[in-house]
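The data block below is final-v2.txt; it holds compact mmCIF, C-alpha atoms.
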```
# COMPACT_ATOMS: atom_id res chain seq x y z
CA MET A 1 79.49 114.67 221.33
CA LYS A 2 79.63 118.28 220.21
CA ARG A 3 77.60 119.48 217.26
CA THR A 4 79.72 120.98 214.51
CA SER A 5 76.99 122.42 212.31
CA PRO A 6 75.28 125.39 213.99
CA SER A 7 73.62 126.17 210.66
CA LEU A 8 71.17 123.38 211.42
CA VAL A 9 70.02 124.96 214.68
CA LEU A 10 66.44 125.98 214.08
CA ALA A 11 65.59 127.89 217.24
CA ALA A 12 67.11 131.09 215.94
CA TRP A 13 67.22 130.64 212.20
CA LEU A 14 63.78 131.31 210.80
CA MET A 15 61.46 134.28 210.60
CA LEU A 16 58.48 133.14 208.56
CA PHE A 17 56.09 135.69 207.08
CA LEU A 18 53.12 134.14 205.34
CA VAL A 19 51.92 136.67 202.81
CA LEU A 20 49.37 134.39 201.21
CA ALA A 21 47.47 136.08 198.46
CA ALA A 22 45.74 132.85 197.49
CA LEU A 23 42.41 132.71 195.75
CA PRO A 24 41.17 129.26 196.84
CA ALA A 25 37.61 129.63 195.61
CA THR A 26 38.80 130.10 192.01
CA ALA A 27 41.66 127.59 191.97
CA GLN A 28 39.98 124.29 192.72
CA GLY A 29 40.64 122.92 189.24
CA LEU A 30 44.41 122.71 189.65
CA LYS A 31 44.88 119.84 192.06
CA VAL A 32 46.67 116.47 192.06
CA ASP A 33 44.62 113.43 193.11
CA ILE A 34 47.14 111.53 195.26
CA THR A 35 44.72 108.73 196.13
CA ARG A 36 44.90 107.17 192.67
CA GLY A 37 47.41 104.57 191.55
CA GLN A 38 49.80 105.34 188.71
CA LEU A 39 49.09 108.78 187.30
CA GLN A 40 50.55 111.32 184.92
CA PRO A 41 52.69 113.79 186.87
CA MET A 42 51.60 117.41 186.69
CA PRO A 43 53.91 119.54 184.46
CA VAL A 44 55.38 122.36 186.56
CA ALA A 45 57.70 125.15 185.47
CA VAL A 46 60.18 126.05 188.21
CA VAL A 47 62.09 129.15 187.15
CA GLU A 48 65.51 130.00 188.60
CA PHE A 49 64.90 132.36 191.51
CA GLN A 50 66.14 135.81 190.56
CA GLY A 51 68.95 137.30 192.62
CA LEU A 52 69.67 140.95 193.28
CA SER A 53 73.42 140.19 193.19
CA PRO A 54 75.58 137.51 191.49
CA ASP A 55 75.85 135.55 194.75
CA ALA A 56 72.11 135.79 195.33
CA ALA A 57 71.45 134.68 191.75
CA THR A 58 73.66 131.60 192.24
CA ARG A 59 71.82 130.74 195.43
CA GLY A 60 68.50 131.34 193.68
CA LYS A 61 69.35 128.78 191.01
CA GLU A 62 70.36 126.25 193.67
CA ILE A 63 67.11 126.76 195.58
CA ALA A 64 65.06 126.30 192.40
CA ASP A 65 67.03 123.12 191.63
CA VAL A 66 66.23 121.64 195.06
CA VAL A 67 62.56 122.59 194.74
CA SER A 68 62.44 120.86 191.33
CA ALA A 69 64.17 117.75 192.67
CA ASP A 70 61.78 117.51 195.65
CA LEU A 71 58.71 117.79 193.43
CA GLU A 72 60.03 115.32 190.86
CA ARG A 73 60.99 112.76 193.48
CA SER A 74 57.42 112.70 194.81
CA GLY A 75 56.29 111.22 191.50
CA LEU A 76 53.35 113.64 191.40
CA PHE A 77 55.05 116.44 189.46
CA ARG A 78 57.17 116.75 186.31
CA PRO A 79 59.41 119.83 186.40
CA LEU A 80 59.87 121.05 182.85
CA ASP A 81 63.25 121.50 181.17
CA ARG A 82 64.18 125.16 181.61
CA ARG A 83 65.76 125.21 178.15
CA ALA A 84 62.24 124.99 176.72
CA PHE A 85 61.04 128.12 178.52
CA LEU A 86 60.03 130.94 176.18
CA ASP A 87 59.96 133.45 179.01
CA PRO A 88 62.56 133.50 181.81
CA ALA A 89 59.92 135.31 183.89
CA GLY A 90 60.25 138.90 184.95
CA PRO A 91 60.46 140.29 188.47
CA ILE A 92 58.40 138.38 191.01
CA THR A 93 56.18 141.42 191.46
CA VAL A 94 55.14 141.39 187.77
CA TRP A 95 52.13 139.39 186.56
CA PRO A 96 53.43 136.53 184.35
CA ASN A 97 52.67 136.25 180.64
CA PHE A 98 50.70 133.00 180.96
CA ASN A 99 50.50 132.41 177.20
CA ASN A 100 54.25 131.75 177.13
CA TRP A 101 53.85 129.07 179.81
CA ARG A 102 50.79 127.47 178.23
CA VAL A 103 52.82 126.93 175.05
CA VAL A 104 55.25 124.66 176.95
CA ASN A 105 52.31 122.86 178.61
CA ALA A 106 53.07 124.08 182.13
CA GLN A 107 50.07 123.76 184.41
CA ALA A 108 51.73 125.49 187.35
CA LEU A 109 54.47 128.12 187.48
CA VAL A 110 56.93 128.69 190.34
CA VAL A 111 58.89 131.95 190.47
CA GLY A 112 61.05 133.41 193.19
CA ALA A 113 63.60 135.97 194.26
CA THR A 114 66.62 135.87 196.57
CA GLU A 115 68.50 138.64 198.33
CA PHE A 116 71.32 138.89 200.87
CA GLN A 117 70.19 141.54 203.33
CA ALA A 118 72.30 144.05 205.20
CA ASP A 119 72.13 141.95 208.38
CA GLY A 120 73.58 138.95 206.52
CA GLN A 121 70.29 137.06 206.33
CA LEU A 122 69.12 135.38 203.15
CA ARG A 123 65.67 136.62 202.11
CA VAL A 124 63.67 134.32 199.83
CA GLU A 125 60.31 135.05 198.25
CA PHE A 126 58.30 132.74 196.01
CA ARG A 127 54.97 132.59 194.17
CA LEU A 128 52.97 129.65 192.77
CA TRP A 129 50.70 130.40 189.81
CA ASP A 130 47.90 128.45 188.12
CA VAL A 131 48.91 128.89 184.48
CA TYR A 132 45.60 128.05 182.78
CA ALA A 133 43.41 129.99 185.20
CA GLY A 134 45.94 132.83 185.42
CA LEU A 135 45.67 132.94 189.20
CA LEU A 136 48.05 133.30 192.12
CA LEU A 137 47.70 130.21 194.33
CA THR A 138 50.12 130.84 197.18
CA GLY A 139 53.46 132.28 198.17
CA PHE A 140 55.52 133.46 201.09
CA THR A 141 58.58 135.39 202.11
CA LEU A 142 61.07 134.20 204.70
CA SER A 143 64.49 135.11 206.02
CA SER A 144 67.12 132.66 207.21
CA ALA A 145 70.80 132.23 207.92
CA PRO A 146 72.44 131.73 204.48
CA ALA A 147 73.70 128.25 205.42
CA ASN A 148 70.09 127.07 205.73
CA TRP A 149 69.25 127.64 202.08
CA ARG A 150 68.51 123.96 201.47
CA ARG A 151 65.86 123.97 204.17
CA VAL A 152 64.35 127.10 202.63
CA ALA A 153 64.02 125.17 199.37
CA HIS A 154 62.34 122.24 201.14
CA LEU A 155 59.86 124.63 202.79
CA VAL A 156 59.00 126.11 199.39
CA ALA A 157 58.49 122.61 197.96
CA ASP A 158 56.30 121.67 200.94
CA GLU A 159 54.06 124.69 200.36
CA ILE A 160 53.70 123.84 196.66
CA TYR A 161 52.91 120.20 197.48
CA LYS A 162 50.30 121.23 200.04
CA ARG A 163 48.60 123.75 197.74
CA LEU A 164 48.42 121.34 194.79
CA THR A 165 47.52 118.13 196.64
CA GLY A 166 45.61 119.41 199.65
CA GLU A 167 47.89 117.53 202.06
CA ASP A 168 51.06 118.41 203.98
CA GLY A 169 54.36 117.93 202.24
CA TYR A 170 57.23 115.91 203.65
CA PHE A 171 60.34 117.50 202.13
CA ASP A 172 61.40 119.45 205.24
CA THR A 173 62.11 116.25 207.16
CA ARG A 174 65.04 114.05 208.05
CA ILE A 175 65.90 110.38 208.19
CA VAL A 176 67.87 108.66 210.94
CA TYR A 177 69.23 105.23 210.06
CA ILE A 178 71.97 102.68 210.68
CA SER A 179 75.03 103.14 208.47
CA GLU A 180 76.90 99.88 207.88
CA SER A 181 80.42 99.17 206.70
CA GLY A 182 83.19 96.58 207.01
CA PRO A 183 83.34 92.82 206.44
CA ALA A 184 80.42 90.55 207.29
CA GLN A 185 82.04 89.18 210.47
CA ARG A 186 83.14 92.61 211.77
CA ARG A 187 80.29 94.85 210.69
CA VAL A 188 80.52 98.46 211.93
CA LYS A 189 77.12 100.04 212.57
CA ARG A 190 76.85 103.77 213.20
CA LEU A 191 73.91 106.06 213.84
CA ALA A 192 73.54 108.52 210.94
CA ILE A 193 71.15 111.31 210.02
CA MET A 194 70.37 113.12 206.76
CA ASP A 195 67.69 115.15 205.01
CA GLN A 196 64.96 113.13 203.32
CA ASP A 197 66.71 113.60 199.96
CA GLY A 198 70.00 112.18 201.26
CA GLU A 199 71.74 115.55 201.62
CA SER A 200 73.27 117.12 204.78
CA HIS A 201 74.49 113.70 205.87
CA LYS A 202 76.10 113.31 209.30
CA PHE A 203 77.29 110.42 211.49
CA LEU A 204 76.05 110.68 215.07
CA THR A 205 78.08 107.85 216.62
CA ASP A 206 81.64 106.70 215.96
CA GLY A 207 81.00 103.00 215.41
CA GLY A 208 82.71 101.94 218.63
CA ALA A 209 79.50 100.27 219.83
CA LEU A 210 76.85 98.41 217.92
CA VAL A 211 73.68 100.51 217.46
CA LEU A 212 70.23 99.33 216.36
CA THR A 213 66.62 100.49 215.83
CA PRO A 214 66.81 104.31 215.96
CA ARG A 215 63.49 106.15 216.31
CA PHE A 216 62.59 109.87 216.44
CA SER A 217 60.71 111.48 219.28
CA PRO A 218 57.53 113.41 218.34
CA SER A 219 59.49 116.67 218.50
CA ALA A 220 62.37 115.29 216.37
CA GLN A 221 64.78 116.69 218.94
CA GLU A 222 65.58 113.27 220.41
CA ILE A 223 66.29 109.81 219.06
CA THR A 224 65.88 106.62 221.00
CA TYR A 225 67.98 103.62 220.01
CA LEU A 226 69.43 100.38 221.25
CA SER A 227 73.16 99.93 221.76
CA TYR A 228 75.43 97.37 223.35
CA PHE A 229 77.81 98.28 226.16
CA ASN A 230 80.11 95.47 227.31
CA ASN A 231 77.85 93.12 225.34
CA LYS A 232 74.80 94.22 227.33
CA PRO A 233 71.84 95.98 225.71
CA ARG A 234 71.17 99.56 226.69
CA VAL A 235 68.46 101.95 225.56
CA TYR A 236 69.77 105.46 224.87
CA LEU A 237 68.35 108.90 224.20
CA PHE A 238 70.32 111.05 221.78
CA ASN A 239 69.64 114.80 221.69
CA VAL A 240 69.91 115.93 218.07
CA SER A 241 70.45 119.60 218.97
CA THR A 242 73.23 119.13 221.50
CA GLY A 243 74.67 115.72 220.66
CA ALA A 244 74.23 114.66 224.29
CA GLN A 245 73.51 110.99 224.98
CA GLU A 246 71.57 109.69 227.97
CA VAL A 247 71.21 106.11 229.14
CA LEU A 248 67.59 105.23 229.77
CA GLY A 249 68.56 102.00 231.42
CA ASP A 250 70.52 98.76 231.47
CA PHE A 251 68.20 95.81 231.08
CA PRO A 252 68.94 92.29 232.31
CA GLY A 253 67.62 90.55 229.21
CA MET A 254 67.62 91.30 225.52
CA THR A 255 65.85 94.56 224.64
CA PHE A 256 64.25 95.30 221.28
CA ALA A 257 62.95 98.21 219.23
CA PRO A 258 62.25 101.12 221.62
CA ARG A 259 59.69 103.63 220.28
CA PHE A 260 58.27 106.87 221.69
CA SER A 261 54.66 107.38 222.66
CA PRO A 262 52.89 110.11 220.63
CA ASP A 263 53.23 112.60 223.51
CA GLY A 264 56.93 111.83 223.90
CA ASN A 265 56.59 110.96 227.59
CA LYS A 266 57.06 107.21 227.30
CA VAL A 267 59.06 104.62 225.42
CA VAL A 268 57.51 101.27 224.55
CA MET A 269 59.79 98.28 223.91
CA SER A 270 60.10 94.55 224.34
CA MET A 271 62.43 92.87 226.82
CA ALA A 272 63.37 89.21 226.98
CA SER A 273 63.96 87.38 230.22
CA GLU A 274 64.60 83.65 230.51
CA GLY A 275 63.62 83.16 226.91
CA ASN A 276 60.32 85.01 227.15
CA SER A 277 59.83 88.37 225.45
CA GLU A 278 57.15 90.78 226.71
CA ILE A 279 56.06 94.37 225.98
CA TYR A 280 57.02 97.09 228.49
CA THR A 281 56.77 100.85 228.75
CA MET A 282 59.14 103.25 230.49
CA ASP A 283 58.00 106.65 231.73
CA LEU A 284 60.75 109.06 230.67
CA ARG A 285 59.98 111.43 233.55
CA THR A 286 60.01 108.90 236.39
CA ARG A 287 61.94 106.03 234.73
CA GLU A 288 59.19 103.70 235.94
CA VAL A 289 59.02 100.48 233.90
CA ARG A 290 55.64 98.80 233.45
CA ARG A 291 54.87 95.41 231.90
CA LEU A 292 51.96 95.33 229.42
CA THR A 293 51.84 91.72 228.23
CA ASN A 294 52.03 88.45 230.12
CA HIS A 295 52.14 85.50 227.76
CA PRO A 296 54.51 82.57 227.20
CA ALA A 297 54.81 83.52 223.51
CA ILE A 298 57.31 86.00 222.06
CA ASP A 299 55.78 89.51 222.04
CA THR A 300 57.91 92.19 220.39
CA ALA A 301 58.13 95.19 217.99
CA PRO A 302 55.45 97.39 219.64
CA CYS A 303 54.24 100.65 218.09
CA TYR A 304 51.69 103.18 219.38
CA SER A 305 48.72 104.44 217.38
CA PRO A 306 48.95 108.18 216.60
CA ASP A 307 46.37 108.99 219.27
CA GLY A 308 48.25 106.93 221.87
CA THR A 309 45.27 104.72 222.76
CA ARG A 310 46.43 101.44 221.18
CA ILE A 311 49.57 99.43 220.52
CA VAL A 312 50.23 97.11 217.60
CA PHE A 313 52.89 94.42 218.04
CA GLU A 314 54.03 91.08 216.66
CA SER A 315 53.64 87.78 218.51
CA ASP A 316 53.77 84.05 217.86
CA ARG A 317 51.07 83.35 220.46
CA GLY A 318 48.84 81.93 217.71
CA GLY A 319 51.48 79.50 216.50
CA SER A 320 53.18 81.77 213.95
CA GLN A 321 54.48 85.33 213.82
CA GLN A 322 51.44 87.62 213.37
CA LEU A 323 50.22 91.12 214.24
CA TYR A 324 48.09 91.94 217.28
CA LEU A 325 46.36 95.01 218.75
CA MET A 326 45.85 95.88 222.40
CA GLY A 327 45.09 98.95 224.48
CA ALA A 328 47.92 101.30 225.41
CA ASP A 329 47.71 100.02 228.99
CA GLY A 330 47.82 96.36 227.95
CA GLY A 331 44.93 93.96 228.30
CA GLU A 332 43.41 91.56 225.81
CA ALA A 333 45.18 91.38 222.45
CA LYS A 334 43.35 90.85 219.16
CA ARG A 335 45.00 89.29 216.11
CA ILE A 336 44.64 91.35 212.91
CA SER A 337 46.85 89.58 210.32
CA PHE A 338 45.49 86.43 208.69
CA GLY A 339 47.23 86.29 205.30
CA GLU A 340 49.67 83.63 204.18
CA GLY A 341 53.12 83.87 205.71
CA HIS A 342 54.58 85.52 208.81
CA TYR A 343 53.94 89.18 209.67
CA GLY A 344 56.17 91.49 211.70
CA THR A 345 57.66 94.99 212.29
CA PRO A 346 54.28 96.79 212.37
CA VAL A 347 54.31 100.60 212.15
CA TRP A 348 51.20 102.73 212.50
CA SER A 349 50.62 105.40 209.84
CA PRO A 350 50.76 108.99 211.14
CA ARG A 351 47.28 109.39 209.63
CA GLY A 352 45.98 106.56 211.82
CA ASP A 353 44.30 104.71 208.95
CA LEU A 354 46.88 102.06 208.03
CA ILE A 355 49.56 99.83 209.54
CA ALA A 356 52.70 99.01 207.56
CA PHE A 357 54.27 95.59 208.00
CA THR A 358 56.91 93.15 206.82
CA ARG A 359 55.73 89.77 205.51
CA ILE A 360 57.83 86.62 205.05
CA TYR A 361 56.29 84.09 202.68
CA GLN A 362 57.93 81.21 200.78
CA GLY A 363 61.38 82.49 201.64
CA ARG A 364 60.83 86.04 200.35
CA PHE A 365 60.29 89.30 202.20
CA ALA A 366 57.73 91.97 201.38
CA VAL A 367 56.61 95.33 202.73
CA GLY A 368 52.92 96.14 202.70
CA VAL A 369 50.07 97.97 204.40
CA MET A 370 46.72 96.97 205.90
CA ARG A 371 43.84 98.75 207.58
CA THR A 372 43.95 98.83 211.35
CA ASP A 373 41.45 95.95 211.58
CA GLY A 374 43.66 93.83 209.30
CA SER A 375 41.51 94.17 206.18
CA GLY A 376 42.66 95.44 202.79
CA ALA A 377 46.24 94.14 203.04
CA ARG A 378 48.38 95.14 200.04
CA ILE A 379 51.99 94.32 199.19
CA LEU A 380 53.97 97.34 197.94
CA ALA A 381 57.43 95.84 197.40
CA GLU A 382 58.93 92.34 197.52
CA ASP A 383 62.48 91.00 197.32
CA TYR A 384 65.10 88.65 198.74
CA LEU A 385 65.29 90.66 202.00
CA ILE A 386 63.24 93.79 202.50
CA GLU A 387 62.01 95.13 205.82
CA ALA A 388 61.83 97.89 208.49
CA PRO A 389 59.16 100.15 206.93
CA THR A 390 58.87 103.72 208.18
CA TRP A 391 56.24 106.30 207.22
CA SER A 392 56.70 109.78 205.85
CA PRO A 393 55.02 112.15 208.32
CA ASN A 394 52.12 112.81 205.93
CA GLY A 395 51.41 109.07 205.64
CA ARG A 396 51.80 108.95 201.85
CA VAL A 397 55.25 107.42 201.40
CA LEU A 398 57.09 104.49 202.97
CA MET A 399 60.83 104.02 203.32
CA PHE A 400 62.50 100.66 203.98
CA PHE A 401 65.78 98.89 203.42
CA ARG A 402 66.55 96.20 200.87
CA GLN A 403 69.43 93.75 201.21
CA GLN A 404 70.82 91.68 198.38
CA PRO A 405 72.39 88.21 198.81
CA SER A 406 75.99 88.37 200.00
CA THR A 407 78.85 87.46 197.72
CA ALA A 408 81.56 84.96 198.67
CA GLY A 409 83.52 86.46 201.56
CA GLY A 410 81.70 89.77 201.43
CA ALA A 411 78.93 91.47 203.35
CA ALA A 412 75.45 91.71 201.86
CA ARG A 413 74.73 95.09 200.23
CA SER A 414 71.96 97.01 201.99
CA ARG A 415 70.29 100.20 200.73
CA LEU A 416 67.34 102.48 201.52
CA TYR A 417 64.34 102.87 199.23
CA SER A 418 61.11 104.84 199.24
CA ILE A 419 57.82 103.93 197.61
CA ASP A 420 54.47 105.66 197.22
CA LEU A 421 51.53 104.34 199.19
CA THR A 422 49.93 103.28 195.91
CA GLY A 423 52.88 100.96 195.20
CA TYR A 424 54.44 103.13 192.48
CA ASN A 425 57.42 105.46 192.30
CA GLU A 426 60.00 103.29 194.08
CA ARG A 427 63.35 105.11 194.41
CA GLU A 428 66.70 104.49 196.05
CA ILE A 429 67.79 107.01 198.70
CA MET A 430 71.52 107.48 198.21
CA THR A 431 73.76 107.05 201.27
CA PRO A 432 77.58 107.09 201.56
CA LEU A 433 77.71 103.48 202.85
CA ASP A 434 75.33 100.58 203.27
CA ALA A 435 72.17 101.53 205.16
CA SER A 436 69.43 99.82 207.15
CA ASP A 437 66.58 100.44 209.62
CA PRO A 438 65.48 103.96 208.60
CA ALA A 439 63.16 106.16 210.68
CA TRP A 440 61.42 109.29 209.35
CA SER A 441 61.16 112.47 211.42
CA PRO A 442 57.78 114.10 212.17
CA LEU A 443 56.34 117.06 210.30
CA GLY A 444 56.70 120.58 211.59
CA ALA A 445 59.49 119.73 214.01
CA LYS A 446 62.41 122.08 214.44
CA LYS A 447 65.67 120.67 213.25
CA GLY A 448 68.75 120.60 215.40
```

I need this file expressed as structure tokens, please.
Amino acid sequence: MKRTSPSLVLAAWLMLFLVLAALPATAQGLKVDITRGQLQPMPVAVVEFQGLSPDAATRGKEIADVVSADLERSGLFRPLDRRAFLDPAGPITVWPNFNNWRVVNAQALVVGATEFQADGQLRVEFRLWDVYAGLLLTGFTLSSAPANWRRVAHLVADEIYKRLTGEDGYFDTRIVYISESGPAQRRVKRLAIMDQDGESHKFLTDGGALVLTPRFSPSAQEITYLSYFNNKPRVYLFNVSTGAQEVLGDFPGMTFAPRFSPDGNKVVMSMASEGNSEIYTMDLRTREVRRLTNHPAIDTAPCYSPDGTRIVFESDRGGSQQLYLMGADGGEAKRISFGEGHYGTPVWSPRGDLIAFTRIYQGRFAVGVMRTDGSGARILAEDYLIEAPTWSPNGRVLMFFRQQPSTAGGAARSRLYSIDLTGYNEREIMTPLDASDPAWSPLGAKKG
């Protein structure tokens, strides 16, 4: 399948020049505590980026709008209404008049400039200021192909998020998911990909074959997923940059939920044979398949820890569906979930400190998190049907899908949502059609 959007090719698009003039020792006061529960978002003034030509000015406004939307959607920042600004801000090289920004209660100020260079590249420069301390916090200049302006905006938002929270942002990331359409008895499921804000949407498969459980590789250049060919399950690799698809293997029994190892060299999955489901790994270099569990119970939905030393999975070996931990090479499994109800679809946080899960209790579904030893379990969202949690790459946000009861003769409506790790700031992620089974890309990975 040929890619039709070369503007998304990252290998040749970005020249990044960090020109940080930060003063970290004097700017410790301006910081968002993201470990708290519900908090008051920080007021931020994001000025339209100035352009040296009408076209550059238009692009500058669009970039500022995306930066504002990214920050607002995080729930940690409140971009101020530009109509309230007393000062449109002068050239980016001029020290701001901070009194004008204190009057509108801005705690941070974002200014920028855009220019179309002689070689056709778009040059973007931005600065982040601490309004009350009157200090420059950070900034950079970068050049890109003009079509990549949205990614430039996400990179700016990521830098602001990192400087004001102390942790990596997650705006320059993408989501792969299953797009669903059609009647309930003839559901069409296609692989789709989009930016984390729902923009730059693209279908990766044509819907001719059922696709399930997409997952990113650590480099974000490949996606593994399950599909059915002649009613037989196959595990595929899809190259995001080239659109090429590769069959990892045809498996005699049912195959579930393939996921990459942290180094990208293996895929872990469950396969069912004669009614018994076990955990297996496949070495992507040699195609060697190795069995990790050997138990009469159903073992499925495996996921590696970020350091690759352990695997969490779900099993009914204790009499009900619960979560278990074992070493990456198999061996003895230890149960970690002991709450009321059934636990499944475990996903390890990229930070390594938590495991997200789906719980079914008294006929209702919930998404929650627990520590890796099973303690401190918390429910973040609950509904009629809610499952398939996936982590933002900084480990601070979860995305999942929610399905509402079906109407007479119709298919159940299914949509994607995100929620903060604290359980606040739940938001719908808009998609063209129904959506399920999202997977978040890693941080710092080049986009194809």

For this session: Excluding Ala333 in chain A and residues on its chain fewer than 2 positions from it, collect all residues at most 12 Å away from it, counting only C-alpha atoms, and give them as an NGL selection string.
Result: :A and (279 or 292-295 or 299 or 310-315 or 317-318 or 322-331 or 335-336)

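Our summary of the geometry notes that CA of Pro91 in chain A is positioned 7.9 Å from CA of Ala113 in chain A.
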
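For the set A:Ala56, A:Val46, A:Leu109, A:Leu398, the residue with the smallest atom-to-atom gap to Gln121 in chain A is A:Ala56, counting only C-alpha atoms.
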
For this session: Using all atoms listed in the file, determine which residues lie at most 12 Å from Ala220 in chain A, disregarding the query and same-chain residues fewer than 3 positions distant; provide the list as JSON, numbers by chain.
Result: {"A": [10, 172, 173, 174, 175, 176, 193, 214, 215, 216, 217, 223, 224, 237, 238, 239, 240, 241, 260, 262, 263, 264, 393, 439, 440, 441, 442, 443, 444, 445, 446, 447, 448]}

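Distance annotation: of A:Ala108, A:Leu142, A:Leu52, A:Val66, the residue with the minimal separation from Glu199 in chain A is A:Val66; atom set is all atoms listed in the file.
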
For this session: Give me, please, the distance in Å between CA of Gln50 in chain A and CA of Ser68 in chain A, quoted to one decimal.
Result: 15.4 Å

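Using all atoms listed in the file, the smallest distance between any of A:Leu137, A:Ala157, A:Arg359, A:Val124 and Glu340 in chain A comes from A:Arg359.
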
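Comparing the minimum interatomic distances between Glu180 in chain A and each of A:Gly341, A:Gly376, A:Gly207, A:Gly275, counting all atoms listed in the file, we find that A:Gly207 sits nearest.
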
Final N, CA and C atoms of range 189-207 of chain A as a tab-separated table (two decimals), in the frame of the given file:
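Final output, saved to selection.tsv:
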```
chain	number	residue	atom	x	y	z
A	189	LYS	N	78.43	99.42	212.71
A	189	LYS	CA	77.12	100.04	212.57
A	189	LYS	C	77.10	101.35	213.35
A	190	ARG	N	76.87	102.43	212.61
A	190	ARG	CA	76.85	103.77	213.20
A	190	ARG	C	75.49	104.42	213.01
A	191	LEU	N	75.11	105.25	213.96
A	191	LEU	CA	73.91	106.06	213.84
A	191	LEU	C	74.21	107.22	212.89
A	192	ALA	N	73.34	107.44	211.91
A	192	ALA	CA	73.54	108.52	210.94
A	192	ALA	C	72.23	109.24	210.72
A	193	ILE	N	72.33	110.49	210.27
A	193	ILE	CA	71.15	111.31	210.02
A	193	ILE	C	71.37	112.10	208.74
A	194	MET	N	70.29	112.37	208.02
A	194	MET	CA	70.37	113.12	206.76
A	194	MET	C	69.00	113.72	206.45
A	195	ASP	N	68.97	114.65	205.51
A	195	ASP	CA	67.69	115.15	205.01
A	195	ASP	C	67.00	114.04	204.22
A	196	GLN	N	65.70	114.18	204.01
A	196	GLN	CA	64.96	113.13	203.32
A	196	GLN	C	65.46	112.87	201.90
A	197	ASP	N	66.18	113.81	201.31
A	197	ASP	CA	66.71	113.60	199.96
A	197	ASP	C	68.14	113.08	199.97
A	198	GLY	N	68.66	112.73	201.16
A	198	GLY	CA	70.00	112.18	201.26
A	198	GLY	C	71.10	113.21	201.47
A	199	GLU	N	70.75	114.49	201.44
A	199	GLU	CA	71.74	115.55	201.62
A	199	GLU	C	71.94	115.85	203.11
A	200	SER	N	72.94	116.70	203.40
A	200	SER	CA	73.27	117.12	204.78
A	200	SER	C	73.52	115.91	205.67
A	201	HIS	N	74.25	114.96	205.16
A	201	HIS	CA	74.49	113.70	205.87
A	201	HIS	C	75.48	113.91	207.02
A	202	LYS	N	75.22	113.19	208.13
A	202	LYS	CA	76.10	113.31	209.30
A	202	LYS	C	76.07	112.00	210.10
A	203	PHE	N	77.23	111.56	210.57
A	203	PHE	CA	77.29	110.42	211.49
A	203	PHE	C	77.14	110.93	212.91
A	204	LEU	N	76.30	110.26	213.69
A	204	LEU	CA	76.05	110.68	215.07
A	204	LEU	C	76.83	109.87	216.09
A	205	THR	N	77.25	108.66	215.74
A	205	THR	CA	78.08	107.85	216.62
A	205	THR	C	79.31	107.40	215.85
A	206	ASP	N	80.35	106.98	216.59
A	206	ASP	CA	81.64	106.70	215.96
A	206	ASP	C	81.83	105.25	215.54
A	207	GLY	N	80.87	104.39	215.79
A	207	GLY	CA	81.00	103.00	215.41
A	207	GLY	C	81.69	102.14	216.45
```
